[in-house]
Amino acid sequence: MPKYDFVSKVLIYVFVMIKHLELQNFRSHRNTKLDFTEGNNILVGISGSGKSSVLDAICFALFGTITKIQRKKIKVSDLVMSKPTKENEAGNRMTHIDELLRLEMFESIRSKATRCANRFRNQEISKKETIASINEKEIRERKTFIEKELKNLEKDNEIIEKELRETQKRIDSLEKDFASLMEKKKKIEKLKENITRLQGLISFYEEELSKHEKFDLSYLKNEYEKKKDLLDQKENGNLKIEKELSSISYRIDELDKDLEEKRQANNFLRQYDSNNFQIVKKDLEKMRKSFFEKKLRKGSINEAINKLKETQGICPICDRELTESKRKDLIESKTAELKKLEEEMRRLDKFLGDKEKELEKEQSEFEKAKYFERRLKELGDVESRLEEQKRKFFEVQSKKEDLRGLKEEVEELKKGYDKALDLKEKEEKLKECKGKEAVLRKIMEEIDFDENRLEKVRSKLEIQKSRKIGLDKDLEFKKDLKEEKKKLFNQLKRDLDFLEMNKREIEFLSHASKTLAKLSNSLIEVQETLREEFVKTLNEVMNEIWNDLYPYEDYIGIRFKIEERDYLLQLCDLKNKWMNVEGFSSGGERAIASLVMRIALSVILAPRLKVLMLDEPTHNLDSNTMEKLIDILKTHISNLIEQLFIVTHDERLIQAGTGYTYEFLRESAKRESTKVNSLTI
Ligand SMILES: Nc1ncnc2c1ncn2[C@@H]1O[C@H](COP(=O)(O)OP(=O)(O)O)[C@@H](O)[C@H]1O
Ligand SMILES: [Mg+2]
């Protein structure tokens with residue numbers, strides 16, 4: 001639910017005219033409902049009773065704002081019913097005619113145009129100052145000069161580049177020549193080297209061959225082969241001899257061994273005594289017999305001791321009575337005997353061992369002697385047999401001797417033949433070398449090479465190369481120079497462009513400021529013309545209304561006069577003299593004049609005016625004028641306007657009413673809300 005305490009509400013019903021108005025919490029109105037008809041609707045009441053608020057409400061409802069808000073005297077929130085601090089702020093509504101005519105629009109455009117023109121002019125001046133410091137003539141001269149220099153440099157460079165291309169061509173062709181000559185030179189050097197080598201070989205072979213006489217190779221071969229055949233044959237025979245020799249020498253070796261064995265056998269047998277073996281044999285038998293006897297004896301003593309140890313009283317050997325001491329003595333003497341016997345046996349056993357070894361040795365000596373005796377018989381006369389074989393060996397050996405001579409002869413022949421072969425080979429090689437040398441010489445002669453020509457080409461090439469280096473340097477220098485000049489040229493061009501641009505801008509600024517000045521003048525003219533036209537029309541309408549409204553004869557005309565950019569409202573007296581309303585006329589005259597002015601303005605500014613509101617139009621009017629006004633309102637005005645709202649504190653004006661009339665009551669000191677009574681019958 002909306003809270004009416006904080007929100008103002010104005011309801012208005014408009015069908016061609018305003019028929020009904022409802023105010024809630026609007027200024028001094030808590031809840032006011034009003035009906036209106038066509039014709040004059042009168043709102044009457046004391047000051048502060050809330051009459052003008054009704055006119056404001058209508059305005060607010062129709063246009064969403066009121067003049068007081070537009071002029072920022074109050075805010076929209078001030079419309080909401082509250083307890084206002086300020087008392088009546090009515091009156092003092094000075095209307096500015098230019099504002100009504102929207103002529104201030106021209107003025108604002110004019111002042112803007114002037115400002116703009118001034119700004120342009122300032123810019124123009126500063127730009128002029130800027131370009132004044134630039135010496136254009138000098139820049140242009142320098143630019144042309146550098147342009148010329150650049151063209152010359154371009155030409156120079158083209159010449160150098162052409163020269164370079166030609167030099168390069170010459171270098172290429174000379175290099176080709178040089179390379180081919182160098183190749184030939186290398187070839188010739190290689191050939192010379194080979195020829196020298198061949199010459200060395202030739203002189204070597206010639207010297208070798210000159211050392212030897214002429215020879216017949218086939219004869220030498222023949223001789224050698226004949227002897228070789230003979231040698232081969234003889235060597236076949238020699239093989240048999242060799243075999244025989246080796247078998248004889250084998251036999252001699254065997255016989256040498258036999259002879260040695262015979263000598264050994266004789267030596268052995270000469271020293272050997274065959275009795276020794278028998279003697280040792282007999283000694284050993286004797287010793288073995290004695291050892292066996294002692295063994296038997298030992299056994300019997302042992303038995304006797306054992307019996308003596310077991311028995312008591314009676315001697316086990318002789319069955320006689322035996323005392324204990326005797327028994328002991330007996331055991332002792334027997335034991336001593338046994339010990340002695342054992343000692344003897346040990347010694348004898350050692351001797352036995354030695355003897356057995358001695359016998360073994362003698363046995364083998366004996367067998368050896370037997371063997372040697374048999375061998376001596378078998379060998380017989382070895383010495384003469386050996387002699388026989390040795391003699392044979394020397395016989396066969398002598399057969400071998402003459403073969404060695406033949407062999408040496410064959411070897412000698414072979415050597416001669418090999419030498420001859422070698423010389424033959426050398427002869428052939430000599431021939432080959434000579435042939436090769438001739439071929440190489442021919443090849444060398446065919447090569448078209450001249451050392452002088454090579455040197456010439458070399459020096460020409462060097463000259464061209466150094467020329468090229470010089471040209472390259474020259475070109476590089478000229479290019480750098482050109483680059484620098486170009487930079488300078490561009491800078492000058494930029495300076496000139498800048499100058500041109502500034503000139504163009506100055507031209508534009510000057511043109512623009514002039515145009516703006518013209519515009520501003522025309523605006524002034526238009527403004528004045530419009531004002532004059534308007535005032536003319538306004539004056540006509542005002543005079544008509546004046547004649548109807550003014551009840552006296554003192555003033556015969558009313559007009560607006562434009563003076564010093566101001567509007568003056570004037571009245572014309574009987575002497576045709578125009579007097580200023582302000583400061584000269586009486587309060588009543590001024591009230592009539594301003595009423596006339598307002599009605600005229602309304603009629604002119606809104607030709608199809610439907611509603612007119614007059615707030616306190618009777619201020620300072622005398623009763624005559626009042627009557628005139630009432631009459632005019634009732635007759636003339638209602639011809640012009642469908643619906644009129646008159647707000648007044650003067651109850652006399654109720655007579656002017658043709659529509660609804662309301663009485664407004666309010667005790668503003670108590671800050672009450674407005675009460676409304678309808679006075680319409
Ligand atoms: N917002 C408001 N709340 C209450 N009263 C207000 C408000 N605004 C103005 N008023 C009062 O309304 C009265 C003004 O009404 P107004 O219509 O000008 O009176 P009139 O035209 O009858 O002289 C003044 O007394 C003023 O104090
Ligand atoms: Mg008022």
# chains A, B, ... in the order shown; residues from 1 in each chain; ligands from 1

$ residues_near_ligand --ligand "ligand 2" --cutoff "8 Å" --atoms "only C-alpha atoms and all ligand atoms" --output "ChimeraX atom specification"
/A:47-53,90-91,615-616,647-648

$ residues_near_ligand --ligand "ligand 1" --cutoff "9 Å" --atoms "only C-alpha atoms and all ligand atoms" --output "ChimeraX atom specification"
/A:25-30,43-56,77-90,615-616,647-649,664-669,671-674

$ write_last_selection --atoms "C-alpha atoms" --output "CSV table (one decimal), in the first residue's frame"
chain,number,residue,atom,x,y,z
A,25,ASN,CA,-0.4,15.2,0.1
A,26,PHE,CA,0.5,17.8,-2.5
A,27,ARG,CA,1.9,20.9,-0.7
A,28,SER,CA,-0.9,22.1,1.7
A,29,HIS,CA,-3.5,19.7,0.3
A,30,ARG,CA,-4.1,16.5,2.2
A,43,LEU,CA,-10.4,29.6,-7.0
A,44,VAL,CA,-10.8,32.1,-4.2
A,45,GLY,CA,-9.3,32.3,-0.8
A,46,ILE,CA,-6.9,34.1,1.5
A,47,SER,CA,-3.1,34.0,0.9
A,48,GLY,CA,-1.5,30.7,1.8
A,49,SER,CA,-4.8,28.8,1.5
A,50,GLY,CA,-3.4,26.6,-1.3
A,51,LYS,CA,-4.9,28.1,-4.5
A,52,SER,CA,-1.7,28.5,-6.5
A,53,SER,CA,-0.8,24.9,-5.5
A,54,VAL,CA,-3.8,23.8,-7.6
A,55,LEU,CA,-2.3,25.6,-10.7
A,56,ASP,CA,1.1,24.0,-9.9
A,77,SER,CA,10.4,16.2,-2.9
A,78,ASP,CA,9.3,19.7,-1.7
A,79,LEU,CA,5.9,19.0,-3.4
A,80,VAL,CA,5.2,16.3,-0.9
A,81,MET,CA,3.1,17.5,1.9
A,82,SER,CA,5.2,18.3,4.9
A,83,LYS,CA,5.7,21.1,7.4
A,84,PRO,CA,7.4,23.8,5.3
A,85,THR,CA,9.8,26.2,7.0
A,86,LYS,CA,9.4,29.1,4.5
A,87,GLU,CA,6.3,31.2,4.4
A,88,ASN,CA,4.7,32.2,1.1
A,89,GLU,CA,7.2,32.4,-1.6
A,90,ALA,CA,4.7,33.6,-4.2
A,615,ASP,CA,-2.8,33.8,-10.6
A,616,GLU,CA,-3.8,36.9,-8.7
A,647,VAL,CA,-6.8,32.3,-8.7
A,648,THR,CA,-7.6,35.2,-6.5
A,649,HIS,CA,-7.9,36.5,-3.0
A,664,PHE,CA,-10.2,27.7,-0.2
A,665,LEU,CA,-9.8,27.8,3.6
A,666,ARG,CA,-6.7,27.2,5.6
A,667,GLU,CA,-5.1,28.5,8.7
A,668,SER,CA,-1.6,28.6,7.5
A,669,ALA,CA,-0.2,29.7,10.9
A,671,ARG,CA,-0.1,24.6,9.3
A,672,GLU,CA,-3.4,23.0,8.6
A,673,SER,CA,-4.2,21.3,5.4
A,674,THR,CA,-6.3,23.1,2.8

$ residues_around --residues "range 362-369 of chain A" --least-positions-apart "5" --cutoff "8 Å" --atoms "only C-alpha atoms" --output "list in words"
Ala265, Phe268, Leu269, Tyr272, Ser274, Asn276, Phe277 and Val280 of chain A

$ write_last_selection --atoms "C-alpha atoms" --output "mmCIF file, in the first residue's frame"
data_model
loop_
_atom_site.group_PDB
_atom_site.id
_atom_site.type_symbol
_atom_site.label_atom_id
_atom_site.label_comp_id
_atom_site.auth_asym_id
_atom_site.auth_seq_id
_atom_site.Cartn_x
_atom_site.Cartn_y
_atom_site.Cartn_z
ATOM 1 C CA ALA A 265 133.014 -108.079 -20.666
ATOM 2 C CA PHE A 268 134.667 -107.577 -15.806
ATOM 3 C CA LEU A 269 135.653 -111.143 -16.207
ATOM 4 C CA TYR A 272 135.595 -111.407 -11.170
ATOM 5 C CA SER A 274 133.509 -117.042 -8.893
ATOM 6 C CA ASN A 276 132.947 -115.537 -3.558
ATOM 7 C CA PHE A 277 129.339 -116.451 -4.332
ATOM 8 C CA VAL A 280 128.748 -116.079 1.070
#

$ closest_residue --among "A:Leu571, A:Ile637, A:Ala593, A:Leu255" --to "Ser384 in chain A" --atoms "only C-alpha atoms"
A:Leu255

$ residues_around --residues "Leu201 in chain A" --least-positions-apart "5" --cutoff "12 Å" --atoms "only C-alpha atoms" --output "MDAnalysis selection string"
chainID A and resid 194:196 206:208 426:427 429:434 436:437

$ write_last_selection --atoms "N, CA and C atoms" --output "short mmCIF file (atom, residue, chain, number, x, y, z; two decimals), in the first residue's frame"
data_model
loop_
_atom_site.label_atom_id
_atom_site.label_comp_id
_atom_site.auth_asym_id
_atom_site.auth_seq_id
_atom_site.Cartn_x
_atom_site.Cartn_y
_atom_site.Cartn_z
N ASN A 194 108.46 -38.02 -64.93
CA ASN A 194 108.45 -39.42 -65.41
C ASN A 194 109.60 -39.68 -66.39
N ILE A 195 109.83 -38.68 -67.26
CA ILE A 195 110.92 -38.85 -68.25
C ILE A 195 112.26 -38.96 -67.51
N THR A 196 112.47 -38.11 -66.54
CA THR A 196 113.71 -38.15 -65.76
C THR A 196 113.89 -39.52 -65.11
N GLU A 206 121.82 -49.48 -69.29
CA GLU A 206 122.91 -49.41 -70.28
C GLU A 206 124.26 -49.70 -69.62
N GLU A 207 124.45 -49.13 -68.44
CA GLU A 207 125.71 -49.36 -67.73
C GLU A 207 125.88 -50.83 -67.37
N GLU A 208 124.78 -51.39 -66.87
CA GLU A 208 124.80 -52.81 -66.50
C GLU A 208 125.19 -53.66 -67.70
N LYS A 426 117.10 -57.25 -68.64
CA LYS A 426 117.50 -55.86 -68.57
C LYS A 426 117.46 -55.23 -69.96
N GLU A 427 117.91 -56.01 -70.94
CA GLU A 427 117.90 -55.53 -72.32
C GLU A 427 116.47 -55.15 -72.72
N LYS A 429 113.97 -54.53 -70.72
CA LYS A 429 113.48 -53.39 -69.93
C LYS A 429 114.01 -52.08 -70.51
N LEU A 430 115.26 -52.10 -70.92
CA LEU A 430 115.88 -50.92 -71.52
C LEU A 430 115.08 -50.48 -72.75
N LYS A 431 114.74 -51.48 -73.54
CA LYS A 431 113.97 -51.21 -74.75
C LYS A 431 112.63 -50.55 -74.37
N GLU A 432 111.99 -51.18 -73.38
CA GLU A 432 110.67 -50.71 -72.93
C GLU A 432 110.76 -49.25 -72.44
N CYS A 433 111.79 -49.00 -71.62
CA CYS A 433 111.96 -47.64 -71.07
C CYS A 433 112.15 -46.63 -72.17
N LYS A 434 112.98 -47.00 -73.15
CA LYS A 434 113.24 -46.08 -74.26
C LYS A 434 111.95 -45.77 -75.00
N LYS A 436 108.86 -45.99 -73.84
CA LYS A 436 107.99 -45.16 -72.98
C LYS A 436 108.45 -43.71 -73.02
N GLU A 437 109.78 -43.52 -72.92
CA GLU A 437 110.34 -42.16 -72.91
C GLU A 437 109.95 -41.42 -74.18
#

$ closest_residue --among "A:Phe36, A:Thr537, A:Arg140, A:Met597" --to "Arg494 in chain A" --atoms "only C-alpha atoms"
A:Arg140
